[in-house]
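Asker: The structure that follows is given in the form of structure tokens.
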Amino acid sequence: MSPAEGIGPKALNSAVLRVRDGRGEAVGLGFLVAPDLALTCAHVVSAALGLRPQERPATAARLEVDLPLRAVADADGAGVAASVERWLPARVSGGGDVAVLRLEVPLPGGRPVRLIEAEEVWEHPVRAFGFPAGRPGGVWHAGVLRAEQAHGWVQADLAGRGYPVSRGFSGGPAWDEQLVGVVGMMAVAESGLPPVSYLIPTAGLLRAWPELRELALPPSPFRGLAAYREADAALFHGRRAESAELASALLAEQWVSIVGASGSGKSSVALAGVVPLLRATGAEVVVVRPASGSSPLTALAAGLLPLLDPGLPQAPETRRLTWIAELAERLAGGGLADVVARVLEVRDCDRLLVVVDQFEELLALAPAAVDGLAEVLFDEALPRTVRVLTTLRADFLELVLAHPRLGPLLSRRIHALGPLGPDRLREVVAAPIDATPGVRYEPALVDRILEDTGTEPGALPLLGFTLDLLWQGQRGGLLSYQAYRELGGVTGALSAHADQVWAEQLRAADEAAARRLFTRLIRVPIGAAAATRRTALRGELGEEEWRIAQQLATTRLLVTGRNAEGEETVELAHEALINGWERLAHWVTEDRAFLEWLESLRRDLAVREESGRTAPPAITLPDPAGRWETERSADLSAAELAHLAAVRAHRRARTRRRRAVVSVVAVLTALALVSSTLLVASRRESSVRESMATSRALAQASVDVASSDPARSVMLAIAAYRTSPTQEARNQLLRTYLAYSGDGRLVSGLLGTVGHVVTSRDGNVVLASSYDGRATLFVHAATGTVRSFQVPSVGQVQYPMVSEDGRRAAYLQEDGKAVWFHVDAEGGQPVGQLRPLPAAPGASVGADKGLRPSMSVDGTRIVARVLDHLVWWDLDHDALIRTSPAPKDGGGDNGPLWVGADDRTLLLRRTGGGKDNSGLLAYDRTPVPPALSSRGWMTSSSPPTAPQPSYVAAAPTRRR
């Protein structure tokens, strides 16, 4: 079917049904609402079956339907039989007269038509098709809709001099030309004048058959926080060129990696973009997530098994699990060669594409599990008929490339997935709606959505989630500005939705269990700066936590499922929740130290499990004074608590053994005096060797973090040299000395490239923002021990601010919204509660990028430029106290703002009159006397009737 046949009124060609009686004569119409379901009038069914008006059709009754308007294009025009699934006769008081038909097989070329539930249709033009007497080819009726009358039917008047509705139109769809969709079903026509007819509106059809509501609105073309899958290929937009490039690369290369920021659409490109293209070339596909099984090889075996045995879904669960375990063991012992040969034979294909999605999950597993998958998929012996496509978060690339088995092969072809440009982002927003009949955006809404989205990495999940909610909230096929604003826009929809779900779904008594649940669903990978989502097993959670997980899985926040072994699992719907939901972002910041310790504990537990519990229990990152085990025991699983207990038991046993050895030594001291000298020397040598090995490891760690965390690199270099002055330690210490010897203090640890940095007067409080829109607070930066803390935000942080005394800090987001907080440099949590300030007019559009905001000396005022206004906030009262027109004098880049000591004067740098001229522009919100104005020192664009701020220019200076 061509696109034109399914868009606009031509959609009726593939949806209108002709209902015939036993003689083959048309007695009325119906229309498809699903491939095998249709609506018509109850009296049309009675006429087709030769029944009395109130006589219910028999269960075995069948009537014949076809597509009369498709028969013009299809020579056969064959019909099919249909049964009566639901039959409601017409009532004297109105209502009823609805029947639901179920087709025994879908009609070739048939396509359901979209129903629109419209509240207002007055004066809307309408069209309908029918088979009046003497017109076997059918005719079209053109009418004008009015409103509902007492019986709930909508009146339709004849438009112009065309065909009026008569017998033979009943059961047909009424197509609203203005709303571009079906707004009801033709039911009754008056025989006299005026030529008036009536239709059952969509609301009446829904009352008669409530199940129709699921069919009245097509499935959303947006996937919210979920990735697009292979079945969604027709809905996937914006990455066609990159998908084709990757598909071509996989024809030539065995290993290809898609690397991008979280939320850049890596999984969607792989599954909905590349996979369909490769399958079209004769490849079979298996998709694997490393964390979807007890081991990566088990997950791979679970994906391969259905390709080897098409009858697997009918097999008992116990047998399926046994086969998965056997196949995983076979892969570990012999690799992929035999298995792939069998897959290609069974599936009659040329190649096998293995997609390893979310490859960073592999790095959280024990080294033995990583090596196991590497030996099978990332080895030079991999059969040439196999292609491996991986998706990897960019912040894990360095860790992967450093792996001795994975790095050399994954680095052969890396495709960096950047953010979408404006044109392709517009395609993502507009194309799915353009392809859906009867649905449209309100004018200019697409431009507003694109403006709010921007082109920053990670914006796609927020955009997709907002568009999906907007789709669900459409009214009459219109995606409106009002609905978009109520959602909170692209930057606020996810957080607002999550807060609403939290308020509606959880009782106060559930909040502690809910927080424990979310703690289980987040991890901070070892060596990584950003938190990621984690898949939790049902067995890890308590009954309350699992009940909450199932409850939240219905709200788009969580996703439940089963892993390769059939165990129930739960995970966050997307990592965008970690930063996009303010509540969760605050938890992650608060719990970061605990999450890092917990990740280390899980790694130690996994290593011991891999050894079959033969290795002694150990913990790499100690728990200081048992703090976490005592304070957060509710956040630990039974297995983790058991591991900690085993560590304690092992230490006690080791202590007892040491004491026993000491006792024996005491008894045998006299006999051991002869060998004591040799023993001491041996121990000293062992200690020296151990110190040298530790020193080299610390020196290498210093090298690894030199680019991302210089301060930590310096400390590691010093520690390496103090442990043992090896050649490696001396070299690294010298390198750090040469690099930083001229610096008095070194502060690092900001997530991303430094964008803006501000400090208190004494330099002890520093607030820095990165070009990625993240903010970090440093305390004791000038004196004492430096500490750093991530500052939560729900938008992209653009400009940071700190008061002179360092007790207050604030930031302005890219969307023009301001937030401030108290700073307690001596407290355990220096970042106080975030206090958002009221939005300024135009804040959702964004702050001016040419003027940096400023905080007053006493930290009680913030001033910023939002669009063409200067906005003043009072921090003591969390209030927007005034806005005034921004200066139009000077032009060029106005640079920073400075708030005067009187909290009412503002200084701005002015450029103009040549690139070597510059000056200061003084702003005061009090009126300027006429005498100043006459001298040309004041400019103002305000009308004379209202006092306005004045702008007084200081004497210009010349740059040299």
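Identifiers for the structure tokens are assigned positionally: chains receive A, B, ... in sequence, residues are indexed from 1 per chain, and ligands are indexed from 1 in the order shown.
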List the spatial neighbours of A:Trp255 as a PyMOL selection string - criterion: any atom at most 10 Å away, only C-alpha atoms, same-chain residues fewer than 2 positions off excluded.
Answerer: chain A and resi 249-250+252-253+257+354+377-378+386-390+409-414
Asker: Limited to N, CA, C and O atoms, could you put the picked residues into a file as a compact mmCIF listing (two decimals), in the first residue's frame?
Answerer:
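File produced: out_25.txt:
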```txt
# COMPACT_ATOMS: atom_id res chain seq x y z
N ALA A 249 29.93 -1.50 7.65
CA ALA A 249 31.16 -1.83 8.37
C ALA A 249 31.14 -3.28 8.83
O ALA A 249 32.17 -3.97 8.80
N LEU A 250 29.97 -3.79 9.22
CA LEU A 250 29.88 -5.18 9.71
C LEU A 250 30.02 -6.19 8.57
O LEU A 250 30.28 -7.37 8.82
N ALA A 252 32.35 -5.91 6.44
CA ALA A 252 33.79 -6.00 6.23
C ALA A 252 34.56 -6.36 7.48
O ALA A 252 35.61 -6.99 7.41
N GLU A 253 34.05 -5.94 8.65
CA GLU A 253 34.76 -6.13 9.91
C GLU A 253 34.03 -7.15 10.78
O GLU A 253 32.80 -7.25 10.74
N SER A 257 32.13 -1.51 17.33
CA SER A 257 31.62 -0.99 18.60
C SER A 257 30.94 0.35 18.39
O SER A 257 31.49 1.23 17.73
N VAL A 354 26.02 -11.21 16.37
CA VAL A 354 25.84 -11.22 17.82
C VAL A 354 25.90 -9.77 18.30
O VAL A 354 26.93 -9.11 18.16
N LEU A 377 33.87 -14.74 22.14
CA LEU A 377 33.46 -13.74 21.15
C LEU A 377 34.59 -12.81 20.71
O LEU A 377 34.50 -12.24 19.62
N PHE A 378 35.60 -12.64 21.53
CA PHE A 378 36.64 -11.67 21.23
C PHE A 378 37.99 -12.36 21.15
O PHE A 378 38.90 -12.10 21.94
N VAL A 386 30.84 -15.00 11.68
CA VAL A 386 30.26 -14.34 12.86
C VAL A 386 30.69 -12.86 12.86
O VAL A 386 31.84 -12.54 12.61
N ARG A 387 29.72 -11.98 13.17
CA ARG A 387 29.99 -10.57 13.37
C ARG A 387 29.53 -10.21 14.78
O ARG A 387 28.50 -10.69 15.25
N VAL A 388 30.29 -9.34 15.44
CA VAL A 388 29.98 -8.94 16.81
C VAL A 388 29.82 -7.42 16.83
O VAL A 388 30.73 -6.69 16.46
N LEU A 389 28.64 -6.97 17.26
CA LEU A 389 28.35 -5.54 17.40
C LEU A 389 28.10 -5.25 18.87
O LEU A 389 27.24 -5.87 19.49
N THR A 390 28.87 -4.33 19.44
CA THR A 390 28.71 -3.99 20.85
C THR A 390 28.26 -2.54 21.00
O THR A 390 28.58 -1.69 20.17
N LEU A 409 40.74 -5.95 20.05
CA LEU A 409 39.74 -6.25 19.02
C LEU A 409 38.66 -5.18 18.96
O LEU A 409 38.25 -4.76 17.87
N LEU A 410 38.21 -4.70 20.11
CA LEU A 410 37.17 -3.69 20.11
C LEU A 410 37.66 -2.36 19.54
O LEU A 410 36.87 -1.56 19.03
N SER A 411 38.95 -2.12 19.61
CA SER A 411 39.48 -0.85 19.11
C SER A 411 39.62 -0.84 17.60
O SER A 411 39.94 0.21 17.02
N ARG A 412 39.40 -1.96 16.94
CA ARG A 412 39.59 -2.00 15.48
C ARG A 412 38.59 -1.11 14.74
O ARG A 412 38.92 -0.47 13.75
N ARG A 413 37.35 -1.10 15.18
CA ARG A 413 36.35 -0.25 14.51
C ARG A 413 35.41 0.32 15.58
O ARG A 413 34.52 -0.37 16.07
N ILE A 414 35.64 1.55 15.96
CA ILE A 414 34.81 2.23 16.96
C ILE A 414 34.03 3.32 16.25
O ILE A 414 34.60 4.18 15.58
```
Asker: Just asking: which residues within stretch 278-384 of chain A are strand (DSSP E or B) according to DSSP, as a list in words?
Answerer: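 DSSP on the backbone gives strand (DSSP E or B) at Ala283, Glu284, Val285, Val286, Val287, Val288, Arg351, Leu352, Leu353, Val354, Val355 and Val356 of chain A.
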Asker: Choose the residue, out of A:Gly473, A:Ile116, A:Arg735, A:Glu567, that has the smallest atom-to-atom separation from A:Val714; count only C-alpha atoms.
Answerer: A:Arg735
Asker: Would you kindly return, as a PyMOL selection string, each protein, DNA or RNA residue with an atom no farther than 12 Å from any atom of A:Gly137, considering only C-alpha atoms and excluding same-chain residues fewer than 6 positions away?
Answerer: chain A and resi 18+25-26+68-69+71-72+129-131+168
Asker: Kindly save the residues from that selection, with C-alpha atoms included, as a JSON list (two decimals), in the first residue's frame.
Answerer:
```json
[["chain", "number", "residue", "atom", "x", "y", "z"],
["A", 18, "ARG", "CA", -19.57, -3.96, 2.69],
["A", 25, "GLU", "CA", -26.85, -7.81, -1.86],
["A", 26, "ALA", "CA", -25.31, -4.97, 0.16],
["A", 68, "PRO", "CA", -15.57, -2.50, -1.77],
["A", 69, "LEU", "CA", -13.23, 0.45, -2.18],
["A", 71, "ALA", "CA", -11.82, -3.96, -4.99],
["A", 72, "VAL", "CA", -11.22, -1.14, -7.46],
["A", 129, "PHE", "CA", -19.88, 6.21, 1.93],
["A", 130, "GLY", "CA", -22.97, 4.09, 1.29],
["A", 131, "PHE", "CA", -24.92, 1.79, -1.02],
["A", 168, "GLY", "CA", -27.50, 1.57, 2.75]]
```
Asker: What's the 10 Å shell around A:Thr491, counting only C-alpha atoms, without same-chain residues fewer than 2 positions away, as a VMD selection string?
Answerer: chain A and resid 449 452 to 453 459 462 to 463 466 487 to 489 493 to 496 580 794 to 796 815 844
Asker: Could you name the residues that touch stretch 270-279 of chain A at 6 Å or less, counting only C-alpha atoms, but leaving out those on the same chain fewer than 3 positions away, as a PyMOL selection string?
Answerer: chain A and resi 228-230+233+243+247+267+282-283
Asker: Once you have the residues from the selection above, write them out as a short mmCIF file (atom, residue, chain, number, x, y, z; two decimals), in the first residue's frame, restricted to C-alpha atoms.
Answerer:
```
data_model
loop_
_atom_site.label_atom_id
_atom_site.label_comp_id
_atom_site.auth_asym_id
_atom_site.auth_seq_id
_atom_site.Cartn_x
_atom_site.Cartn_y
_atom_site.Cartn_z
CA TYR A 228 13.63 0.91 19.94
CA ARG A 229 13.74 -2.78 19.00
CA GLU A 230 13.89 -4.57 15.67
CA ALA A 233 12.29 -0.25 12.76
CA SER A 243 22.71 2.66 10.67
CA ALA A 247 25.77 -2.21 8.56
CA SER A 267 20.82 0.42 21.73
CA GLY A 282 20.80 -12.98 5.02
CA ALA A 283 22.15 -12.77 8.56
#
```
